[in-house]
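Next comes run.csv, a file with CSV, C-alpha atoms.
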chain,number,residue,atom,x,y,z
A,15,MET,CA,0.5,25.6,31.3
A,16,LYS,CA,3.0,28.3,30.5
A,17,ILE,CA,3.1,31.3,32.8
A,18,VAL,CA,4.3,34.8,31.6
A,19,THR,CA,4.7,37.6,34.1
A,20,GLN,CA,5.9,40.4,31.8
A,21,ILE,CA,4.1,41.5,28.7
A,22,GLY,CA,7.4,41.8,26.8
A,23,ASP,CA,8.0,38.1,27.2
A,24,LEU,CA,5.1,37.1,25.0
A,25,GLY,CA,6.7,37.8,21.7
A,26,ARG,CA,4.5,36.9,18.7
A,27,ILE,CA,4.4,33.2,19.0
A,28,TYR,CA,0.6,32.9,19.8
A,29,SER,CA,-2.1,33.0,17.2
A,30,LYS,CA,-5.8,32.2,17.2
A,31,THR,CA,-6.1,32.6,20.9
A,32,ALA,CA,-9.2,32.7,23.1
A,33,ILE,CA,-8.6,35.0,26.0
A,34,ALA,CA,-10.4,35.1,29.3
A,35,LEU,CA,-10.1,38.6,30.9
A,36,GLY,CA,-10.5,39.3,34.6
A,37,THR,CA,-9.0,39.7,38.0
A,38,PHE,CA,-10.1,36.2,38.9
A,39,ASP,CA,-9.3,36.5,42.6
A,40,GLY,CA,-10.7,33.3,44.1
A,41,VAL,CA,-11.3,31.5,40.8
A,42,HIS,CA,-14.9,31.0,41.9
A,43,ILE,CA,-17.5,29.2,39.9
A,44,GLY,CA,-18.3,32.4,37.9
A,45,HIS,CA,-14.7,32.8,37.0
A,46,GLN,CA,-14.5,29.1,36.1
A,47,ARG,CA,-17.4,29.5,33.7
A,48,ILE,CA,-15.5,32.3,31.9
A,49,ILE,CA,-12.2,30.4,31.8
A,50,ARG,CA,-13.8,27.1,30.6
A,51,ARG,CA,-15.6,29.0,27.8
A,52,ALA,CA,-12.2,30.4,26.6
A,53,VAL,CA,-10.7,26.9,26.7
A,54,GLU,CA,-13.6,25.5,24.7
A,55,LEU,CA,-13.4,28.3,22.1
A,56,ALA,CA,-9.7,27.8,21.7
A,57,ARG,CA,-10.1,24.1,21.2
A,58,VAL,CA,-12.7,24.6,18.4
A,59,ALA,CA,-10.5,27.3,16.8
A,60,GLY,CA,-7.4,25.1,16.9
A,61,GLY,CA,-5.6,27.7,18.9
A,62,SER,CA,-4.4,28.4,22.5
A,63,SER,CA,-6.5,29.3,25.5
A,64,VAL,CA,-5.2,32.3,27.5
A,65,VAL,CA,-6.1,33.8,30.9
A,66,PHE,CA,-5.0,37.5,31.1
A,67,THR,CA,-5.0,38.8,34.6
A,68,PHE,CA,-2.9,40.8,37.1
A,69,SER,CA,-0.5,39.7,39.8
A,70,ASN,CA,-1.8,42.4,42.1
A,71,HIS,CA,-5.3,43.7,42.6
A,72,PRO,CA,-5.9,46.8,40.4
A,73,LEU,CA,-7.3,48.6,43.4
A,74,SER,CA,-3.9,48.4,45.0
A,75,ILE,CA,-2.9,51.1,42.5
A,76,VAL,CA,-6.2,52.8,41.7
A,77,ALA,CA,-7.4,53.2,45.3
A,78,PRO,CA,-5.1,51.5,47.9
A,79,GLU,CA,-7.5,52.4,50.7
A,80,ARG,CA,-10.2,50.3,49.1
A,81,CYS,CA,-8.1,47.4,48.1
A,82,PRO,CA,-9.6,44.2,49.5
A,83,PRO,CA,-7.6,41.3,51.1
A,84,LEU,CA,-6.9,38.5,48.6
A,85,LEU,CA,-8.5,35.1,48.5
A,86,LEU,CA,-5.6,33.4,46.8
A,87,THR,CA,-1.8,33.7,46.5
A,88,GLN,CA,-0.5,34.0,42.9
A,89,GLU,CA,0.7,30.4,43.1
A,90,ASP,CA,-2.7,29.0,44.2
A,91,LYS,CA,-4.4,31.2,41.6
A,92,ALA,CA,-2.2,29.8,38.9
A,93,ARG,CA,-2.7,26.2,40.0
A,94,LEU,CA,-6.5,26.5,40.0
A,95,ILE,CA,-6.4,28.1,36.5
A,96,GLU,CA,-4.1,25.4,35.2
A,97,GLU,CA,-6.6,22.7,36.5
A,98,LEU,CA,-9.2,24.2,34.1
A,99,GLY,CA,-7.0,23.3,31.1
A,100,VAL,CA,-5.6,26.7,30.2
A,101,ASP,CA,-2.6,26.8,27.9
A,102,LEU,CA,-1.1,30.2,28.8
A,103,LEU,CA,-1.5,32.4,31.9
A,104,VAL,CA,-0.5,36.0,31.5
A,105,SER,CA,-0.2,37.4,35.0
A,106,ILE,CA,1.5,40.8,35.0
A,107,PRO,CA,1.8,43.6,37.5
A,108,PHE,CA,-0.9,46.3,37.4
A,109,THR,CA,1.1,49.5,37.4
A,110,ALA,CA,0.5,53.2,37.2
A,111,THR,CA,1.5,53.0,33.6
A,112,PHE,CA,-1.0,50.3,32.9
A,113,LEU,CA,-3.6,52.3,34.7
A,114,ARG,CA,-3.3,55.1,32.1
A,115,LEU,CA,-3.9,52.9,29.1
A,116,SER,CA,-7.1,53.8,27.3
A,117,PRO,CA,-9.5,50.9,26.4
A,118,TYR,CA,-8.3,50.9,22.8
A,119,GLU,CA,-4.6,50.9,23.9
A,120,PHE,CA,-5.3,47.9,26.2
A,121,VAL,CA,-7.0,45.9,23.5
A,122,ASN,CA,-4.3,46.8,21.0
A,123,LEU,CA,-1.8,45.3,23.4
A,124,LEU,CA,-3.8,42.0,23.4
A,125,VAL,CA,-4.1,42.0,19.6
A,126,GLU,CA,-0.4,42.7,19.1
A,127,HIS,CA,0.9,40.0,21.4
A,128,LEU,CA,-1.9,37.4,21.4
A,129,SER,CA,-3.8,37.6,18.1
A,130,PRO,CA,-7.2,36.8,19.7
A,131,VAL,CA,-10.0,35.3,17.7
A,132,HIS,CA,-12.2,35.2,20.8
A,133,ILE,CA,-12.3,37.2,24.0
A,134,VAL,CA,-14.5,36.1,27.0
A,135,VAL,CA,-15.5,38.3,29.8
A,136,GLY,CA,-18.1,38.6,32.6
A,137,PRO,CA,-21.0,41.0,32.3
A,138,ASN,CA,-19.5,43.5,34.7
A,139,TYR,CA,-16.0,43.5,33.3
A,140,THR,CA,-14.3,46.9,32.8
A,141,PHE,CA,-11.0,47.9,31.4
A,142,GLY,CA,-8.9,50.9,30.5
A,143,TYR,CA,-8.4,54.3,32.1
A,144,LYS,CA,-11.1,55.1,34.7
A,145,SER,CA,-12.7,51.8,33.8
A,146,ALA,CA,-14.1,53.4,30.6
A,147,GLY,CA,-14.2,50.1,28.7
A,148,THR,CA,-17.1,47.8,29.0
A,149,PRO,CA,-18.1,44.5,27.3
A,150,GLU,CA,-19.9,46.5,24.7
A,151,THR,CA,-16.8,48.6,24.1
A,152,LEU,CA,-14.9,45.4,23.6
A,153,LYS,CA,-17.5,44.2,21.0
A,154,GLU,CA,-17.1,47.5,19.1
A,155,ILE,CA,-13.3,47.1,19.0
A,156,GLY,CA,-13.5,43.4,18.2
A,157,ALA,CA,-15.7,44.1,15.2
A,158,LYS,CA,-12.9,46.1,13.7
A,159,ALA,CA,-10.0,44.1,14.9
A,160,GLY,CA,-11.4,40.7,13.9
A,161,PHE,CA,-12.2,39.0,17.2
A,162,SER,CA,-15.5,38.0,18.7
A,163,VAL,CA,-16.6,38.8,22.3
A,164,GLN,CA,-18.4,36.3,24.5
A,165,ILE,CA,-20.1,37.7,27.6
A,166,GLU,CA,-20.7,35.0,30.1
A,167,GLN,CA,-23.8,35.5,32.3
A,168,ALA,CA,-23.3,36.1,36.0
A,169,VAL,CA,-23.9,33.0,38.3
A,170,CYS,CA,-26.4,33.1,41.2
A,171,ILE,CA,-26.7,30.6,44.0
A,172,ASP,CA,-29.7,30.8,46.4
A,173,ASP,CA,-30.5,34.2,44.9
A,174,LYS,CA,-27.0,35.5,45.7
A,175,LEU,CA,-24.7,36.7,43.0
A,176,VAL,CA,-21.4,34.8,43.0
A,177,SER,CA,-18.7,37.4,43.4
A,178,SER,CA,-15.3,37.7,45.0
A,179,THR,CA,-16.7,40.5,47.2
A,180,TYR,CA,-19.5,38.3,48.6
A,181,ILE,CA,-17.2,35.4,49.1
A,182,ARG,CA,-14.8,37.6,51.1
A,183,SER,CA,-17.7,38.6,53.3
A,184,LEU,CA,-18.6,35.0,54.0
A,185,ILE,CA,-15.1,34.0,54.9
A,186,ALA,CA,-14.5,37.1,57.0
A,187,ALA,CA,-17.6,36.1,59.0
A,188,GLY,CA,-16.3,32.5,59.4
A,189,LYS,CA,-19.0,31.0,57.1
A,190,VAL,CA,-16.5,28.8,55.2
A,191,ALA,CA,-19.1,26.0,54.5
A,192,GLU,CA,-21.3,28.6,52.8
A,193,ALA,CA,-18.3,30.0,50.9
A,194,ARG,CA,-17.7,26.5,49.5
A,195,LYS,CA,-20.8,26.7,47.4
A,196,PHE,CA,-19.7,29.8,45.7
A,197,LEU,CA,-16.1,28.8,45.2
A,198,GLY,CA,-16.8,25.3,44.1
A,199,ARG,CA,-14.2,24.2,46.6
A,200,PRO,CA,-13.3,25.0,50.2
A,201,PRO,CA,-11.6,28.3,51.1
A,202,LEU,CA,-7.9,27.9,51.3
A,203,LEU,CA,-4.7,29.5,52.7
A,204,SER,CA,-1.2,28.7,51.8
A,205,GLY,CA,1.9,29.7,53.7
A,206,GLU,CA,5.2,28.6,55.2
A,207,VAL,CA,5.3,26.5,58.4
A,208,VAL,CA,7.3,28.6,60.9
A,209,HIS,CA,8.3,28.3,64.5
A,210,GLY,CA,5.8,29.6,67.0
A,211,GLU,CA,5.8,29.9,70.8
A,212,ALA,CA,5.6,26.1,71.2
A,213,ARG,CA,2.5,26.6,73.5
A,214,GLY,CA,0.6,23.9,71.7
A,215,ARG,CA,3.4,21.4,72.3
A,216,ILE,CA,3.5,22.3,76.0
A,217,LEU,CA,-0.3,21.7,76.2
A,218,GLY,CA,0.1,18.4,74.5
A,219,TYR,CA,-1.2,19.5,71.1
A,220,PRO,CA,1.7,20.5,68.9
A,221,THR,CA,0.6,22.7,66.0
A,222,ALA,CA,1.9,23.8,62.6
A,223,ASN,CA,2.1,27.6,62.6
A,224,ILE,CA,1.3,29.0,59.1
A,225,LYS,CA,2.8,32.3,58.1
A,226,THR,CA,0.6,33.6,55.3
A,227,ALA,CA,1.6,36.3,52.8
A,228,GLU,CA,0.7,39.9,53.6
A,229,GLY,CA,-2.6,41.0,52.3
A,230,MET,CA,-4.3,37.6,52.5
A,231,LEU,CA,-7.8,37.2,53.8
A,232,LEU,CA,-8.0,35.1,57.0
A,233,PRO,CA,-11.3,33.5,58.1
A,234,ALA,CA,-12.9,34.9,61.2
A,235,ASP,CA,-11.3,34.1,64.5
A,236,GLY,CA,-12.3,30.6,65.7
A,237,VAL,CA,-11.8,26.9,65.4
A,238,TYR,CA,-12.2,25.1,62.1
A,239,VAL,CA,-12.2,21.6,60.6
A,240,VAL,CA,-9.4,21.6,58.1
A,241,ARG,CA,-7.2,19.5,55.8
A,242,LEU,CA,-3.6,20.4,55.2
A,243,LEU,CA,-1.7,19.5,52.0
A,244,ALA,CA,2.1,19.1,52.4
A,245,GLY,CA,3.8,18.0,49.2
A,246,ASP,CA,1.3,15.5,47.8
A,247,ILE,CA,0.1,14.2,51.2
A,248,HIS,CA,-3.2,15.4,52.8
A,249,TYR,CA,-3.7,15.4,56.6
A,250,ASP,CA,-6.9,15.8,58.5
A,251,GLY,CA,-6.8,18.3,61.3
A,252,VAL,CA,-8.3,21.1,63.3
A,253,ALA,CA,-7.2,24.7,63.1
A,254,ASN,CA,-7.4,27.8,65.3
A,255,VAL,CA,-7.4,31.2,63.7
A,256,GLY,CA,-7.0,34.1,66.1
A,257,ARG,CA,-4.9,35.9,68.7
A,258,ASN,CA,-4.9,33.3,71.5
A,259,PRO,CA,-6.5,35.7,74.0
A,260,THR,CA,-6.1,33.3,76.9
A,261,PHE,CA,-2.4,34.1,76.7
A,262,ASN,CA,-2.9,37.7,75.8
A,263,GLY,CA,-1.8,37.2,72.2
A,264,GLN,CA,-1.8,40.2,69.9
A,265,GLN,CA,-1.0,38.9,66.4
A,266,ARG,CA,-3.5,36.8,64.4
A,267,ARG,CA,-2.2,33.4,63.7
A,268,VAL,CA,-3.2,30.2,61.9
A,269,GLU,CA,-2.3,27.1,63.9
A,270,VAL,CA,-3.1,23.6,62.7
A,271,PHE,CA,-3.2,20.4,64.8
A,272,LEU,CA,-2.8,17.3,62.5
A,273,PHE,CA,-4.3,14.0,63.5
A,274,GLY,CA,-1.8,11.2,63.7
A,275,PHE,CA,1.1,13.3,62.4
A,276,GLU,CA,4.6,12.7,63.6
A,277,GLY,CA,7.4,14.7,62.1
A,278,SER,CA,8.3,18.2,61.2
A,279,LEU,CA,7.0,20.6,58.5
A,280,TYR,CA,9.2,23.6,59.3
A,281,GLY,CA,10.2,25.5,56.3
A,282,GLN,CA,7.6,23.8,54.0
A,283,THR,CA,4.9,25.7,52.1
A,284,VAL,CA,1.6,24.0,52.9
A,285,THR,CA,-2.0,24.6,51.9
A,286,VAL,CA,-4.9,24.6,54.5
A,287,THR,CA,-8.5,24.1,53.3
A,288,PHE,CA,-11.3,25.2,55.7
A,289,TRP,CA,-14.4,23.0,55.7
A,290,GLU,CA,-16.5,23.9,58.7
A,291,ARG,CA,-16.3,26.3,61.6
A,292,LEU,CA,-16.8,24.7,65.0
A,293,ARG,CA,-16.8,27.7,67.2
A,294,GLY,CA,-15.6,31.3,67.7
A,295,GLU,CA,-12.5,32.2,69.7
A,296,MET,CA,-12.9,31.9,73.4
A,297,VAL,CA,-11.0,33.2,76.5
A,298,PHE,CA,-10.3,30.5,79.2
A,299,ALA,CA,-9.5,31.0,82.8
A,300,ASN,CA,-6.5,28.7,82.7
A,301,ALA,CA,-4.6,26.3,80.6
A,302,ASP,CA,-6.5,23.3,81.9
A,303,GLU,CA,-9.8,24.7,80.7
A,304,LEU,CA,-8.2,25.4,77.3
A,305,LYS,CA,-6.9,21.8,77.1
A,306,ARG,CA,-10.4,20.4,77.8
A,307,GLN,CA,-11.9,22.6,75.1
A,308,ILE,CA,-9.1,21.6,72.6
A,309,SER,CA,-9.9,17.9,73.3
A,310,GLN,CA,-13.6,18.5,72.5
A,311,ASP,CA,-12.7,20.5,69.4
A,312,ILE,CA,-10.5,17.6,68.2
A,313,GLN,CA,-13.3,15.1,68.8
A,314,LEU,CA,-15.8,17.2,66.8
A,315,ALA,CA,-13.3,17.5,64.0
A,316,ARG,CA,-12.6,13.8,63.9
A,317,THR,CA,-16.3,13.1,63.8
A,318,TYR,CA,-16.6,15.4,60.8
A,319,HIS,CA,-13.7,13.8,58.9
A,320,GLN,CA,-15.1,10.3,59.7
A,321,ALA,CA,-18.5,11.4,58.3
A,322,PHE,CA,-16.9,13.0,55.2
A,323,PRO,CA,-13.7,11.0,54.6
A,324,GLY,CA,-11.4,12.4,52.0
A,325,VAL,CA,-13.0,15.8,51.8

Would you give me this structure, written as structure tokens?
Amino acid sequence: MKIVTQIGDLGRIYSKTAIALGTFDGVHIGHQRIIRRAVELARVAGGSSVVFTFSNHPLSIVAPERCPPLLLTQEDKARLIEELGVDLLVSIPFTATFLRLSPYEFVNLLVEHLSPVHIVVGPNYTFGYKSAGTPETLKEIGAKAGFSVQIEQAVCIDDKLVSSTYIRSLIAAGKVAEARKFLGRPPLLSGEVVHGEARGRILGYPTANIKTAEGMLLPADGVYVVRLLAGDIHYDGVANVGRNPTFNGQQRRVEVFLFGFEGSLYGQTVTVTFWERLRGEMVFANADELKRQISQDIQLARTYHQAFPGV
């Protein structure tokens, strides 16, 4: 999959494209349906499948005070989109200039650079200045410009609409197992392994401390069953998300203890997937009480991994 991060880099080399339009934060199962439809249409047309999205959330420019935390880094978003078989990812910054484009100017940009024969959107997709463009607007423009518009229906699970907003609410509440159903995979966080305060090592449970990018959504404070991907190797483990109140910590951290791991991950970018929440964050009277609880958490996590190997 080719990735383009500036609209000017597209040139005019693409023709007969099928474009999936959306923010696609999370690349949840509703997003996957839209993207897979574009891939299918491109294959039938003998053209290229394209995902056109933004490298920042549009609300970061439109209304920064309402901008939500992100479910995915740009790298993880690109990887998940590539896994769906997309040929080209256009992920450009949403700027104040882009904000002022009318619906017609936005579509003209797509037509000029990507020559679409099909465009695929969800039912609630909006575009252009003040979100004036709707799927019906897109159909009207497409009838004149020579492309069809496919509107994929929303997806519901257990009578709940699959949306990035709802998934964020689940993860923020620590309901990572529930969020899996809507994402089609476990929630994940990627970041660099950095040096911490070595408190876990002192307690006998050395952890990998994950520095996540600013603006990412962290699960609710607590202890989780996790897997960590470093390079192409997966490790089972247990993670704590929180401030470590027993030691009067202030900053929220993600710390992962890996089963049977010996070595160093410092400086590496790793990905942590969250499978189940074991408990909320607790305050302990002393280090010995904390160590006993950590031992119990590890045993519970091991039992989970044994029951669901390779998850």

Worksheet entry | Neighbour list for A:Tyr219 as number ranges by chain, cut-off 12 Å, only C-alpha atoms, skip fewer than 4 positions in-chain | A: 212-215, 251-254, 269-276, 304-309, 311-312

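If you look at atom CA of A:Leu231 and atom CA of A:Arg316, they are 25.9 Å away from each other.
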
Practice prompt. Mind checking which residues fall within 12 Å of A:Asp250, counting only C-alpha atoms, ignoring those fewer than 5 positions away in the same chain, and posting them as a ChimeraX atom specification?
Written response: /A:238-244,270-275,286-289,312,315-320,322-325

Worksheet item: So how many Å separate atom CA of A:Thr140 and atom CA of A:Ala157, to one decimal?
Response: 17.9 Å

Worksheet entry | Nearby residues (all atoms listed in the file) at most 9 Å from A:Gln20, same-chain spacing under 3 positions excluded, as a list of chain:residue names | A:Asp23, A:Leu24, A:Val104, A:Ser105, A:Ile106, A:Pro107

Fill in: Which residue of A:Tyr143, A:Glu119, A:Gly36, A:Val131 approaches A:Val76 most closely, using all atoms listed in the file
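Smallest distance to A:Val76 is found for A:Tyr143.
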
Worksheet item: Near A:Pro201, within 12 Å and counting all atoms listed in the file, which residues show up once chain neighbours fewer than 3 positions away are dropped, as number ranges by chain?
Response: A: 40-42, 84-86, 90, 178, 181-182, 184-186, 188-198, 204, 230-233, 238-242, 285-291

For C-alpha atoms, I'd like the residues from the last selection saved as a PDB file, in the frame of the given file.
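To be explicit, this is the file written out as selection.pdb:
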ATOM      1  CA  GLY A  40     -10.700  33.300  44.100  1.00  0.00           C
ATOM      2  CA  VAL A  41     -11.300  31.500  40.800  1.00  0.00           C
ATOM      3  CA  HIS A  42     -14.900  31.000  41.900  1.00  0.00           C
ATOM      4  CA  LEU A  84      -6.900  38.500  48.600  1.00  0.00           C
ATOM      5  CA  LEU A  85      -8.500  35.100  48.500  1.00  0.00           C
ATOM      6  CA  LEU A  86      -5.600  33.400  46.800  1.00  0.00           C
ATOM      7  CA  ASP A  90      -2.700  29.000  44.200  1.00  0.00           C
ATOM      8  CA  SER A 178     -15.300  37.700  45.000  1.00  0.00           C
ATOM      9  CA  ILE A 181     -17.200  35.400  49.100  1.00  0.00           C
ATOM     10  CA  ARG A 182     -14.800  37.600  51.100  1.00  0.00           C
ATOM     11  CA  LEU A 184     -18.600  35.000  54.000  1.00  0.00           C
ATOM     12  CA  ILE A 185     -15.100  34.000  54.900  1.00  0.00           C
ATOM     13  CA  ALA A 186     -14.500  37.100  57.000  1.00  0.00           C
ATOM     14  CA  GLY A 188     -16.300  32.500  59.400  1.00  0.00           C
ATOM     15  CA  LYS A 189     -19.000  31.000  57.100  1.00  0.00           C
ATOM     16  CA  VAL A 190     -16.500  28.800  55.200  1.00  0.00           C
ATOM     17  CA  ALA A 191     -19.100  26.000  54.500  1.00  0.00           C
ATOM     18  CA  GLU A 192     -21.300  28.600  52.800  1.00  0.00           C
ATOM     19  CA  ALA A 193     -18.300  30.000  50.900  1.00  0.00           C
ATOM     20  CA  ARG A 194     -17.700  26.500  49.500  1.00  0.00           C
ATOM     21  CA  LYS A 195     -20.800  26.700  47.400  1.00  0.00           C
ATOM     22  CA  PHE A 196     -19.700  29.800  45.700  1.00  0.00           C
ATOM     23  CA  LEU A 197     -16.100  28.800  45.200  1.00  0.00           C
ATOM     24  CA  GLY A 198     -16.800  25.300  44.100  1.00  0.00           C
ATOM     25  CA  SER A 204      -1.200  28.700  51.800  1.00  0.00           C
ATOM     26  CA  MET A 230      -4.300  37.600  52.500  1.00  0.00           C
ATOM     27  CA  LEU A 231      -7.800  37.200  53.800  1.00  0.00           C
ATOM     28  CA  LEU A 232      -8.000  35.100  57.000  1.00  0.00           C
ATOM     29  CA  PRO A 233     -11.300  33.500  58.100  1.00  0.00           C
ATOM     30  CA  TYR A 238     -12.200  25.100  62.100  1.00  0.00           C
ATOM     31  CA  VAL A 239     -12.200  21.600  60.600  1.00  0.00           C
ATOM     32  CA  VAL A 240      -9.400  21.600  58.100  1.00  0.00           C
ATOM     33  CA  ARG A 241      -7.200  19.500  55.800  1.00  0.00           C
ATOM     34  CA  LEU A 242      -3.600  20.400  55.200  1.00  0.00           C
ATOM     35  CA  THR A 285      -2.000  24.600  51.900  1.00  0.00           C
ATOM     36  CA  VAL A 286      -4.900  24.600  54.500  1.00  0.00           C
ATOM     37  CA  THR A 287      -8.500  24.100  53.300  1.00  0.00           C
ATOM     38  CA  PHE A 288     -11.300  25.200  55.700  1.00  0.00           C
ATOM     39  CA  TRP A 289     -14.400  23.000  55.700  1.00  0.00           C
ATOM     40  CA  GLU A 290     -16.500  23.900  58.700  1.00  0.00           C
ATOM     41  CA  ARG A 291     -16.300  26.300  61.600  1.00  0.00           C
TER      42      ARG A 291
END

Fill in: Best match for closeness to A:Glu126 among A:Lys225, A:Lys30, A:Lys153, A:His209, counting all atoms listed in the file
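Residue with the minimum atom-to-atom distance to A:Glu126: A:Lys30.
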
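If you look at atom CA of A:Phe68 and atom CA of A:Leu115, they are 14.5 Å away from each other.
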
Discussion item. Could you list, as a PyMOL selection string, every residue within 12 Å of A:Gly229, counting only C-alpha atoms and ignoring same-chain residues fewer than 5 positions away?
Written reply: chain A and resi 70-71+74+78+81-88+203

Discussion item. Could you check the closest approach to A:Met15 for each of A:Gly61, A:Gly99, A:Arg50, A:Phe66 and tell me which residue wins, using only C-alpha atoms?
Written reply: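 Answer, going by the shortest atom-to-atom distance: A:Gly99.
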
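Remark: for A:Tyr139, the closest of the candidate residues A:Ala77, A:Met296, A:Gln167, A:Gly256 is A:Gln167 (distances computed over only C-alpha atoms).
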
Fill in: Counting all atoms listed in the file, the option among A:Val237, A:Val135, A:Val53, A:Val284 closest to A:Gln310
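Ranked by minimum distance to A:Gln310, first place goes to A:Val237.
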
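Nearest to A:Ile17 of all the residues A:Thr67, A:Asn300, A:Gln265, A:Thr226 is A:Thr67, based on all atoms listed in the file.
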
May I have the protein, DNA and RNA residues with an atom at most 6 Å from (-5.9, 35.9, 17.6), counting all atoms listed in the file in the file's coordinates, returned as a compact mmCIF listing (two decimals) with C-alpha atoms, keeping the file's coordinate frame?
# COMPACT_ATOMS: atom_id res chain seq x y z
CA SER A 29 -2.10 33.00 17.20
CA LYS A 30 -5.80 32.20 17.20
CA THR A 31 -6.10 32.60 20.90
CA LEU A 128 -1.90 37.40 21.40
CA SER A 129 -3.80 37.60 18.10
CA PRO A 130 -7.20 36.80 19.70
CA VAL A 131 -10.00 35.30 17.70

Worksheet item: Could you tell me, as a PyMOL selection string, which residues have any atom at most 6 Å from (-9.0, 31.1, 27.8), counting all atoms listed in the file?
Response: chain A and resi 32-34+49+52-53+63-65
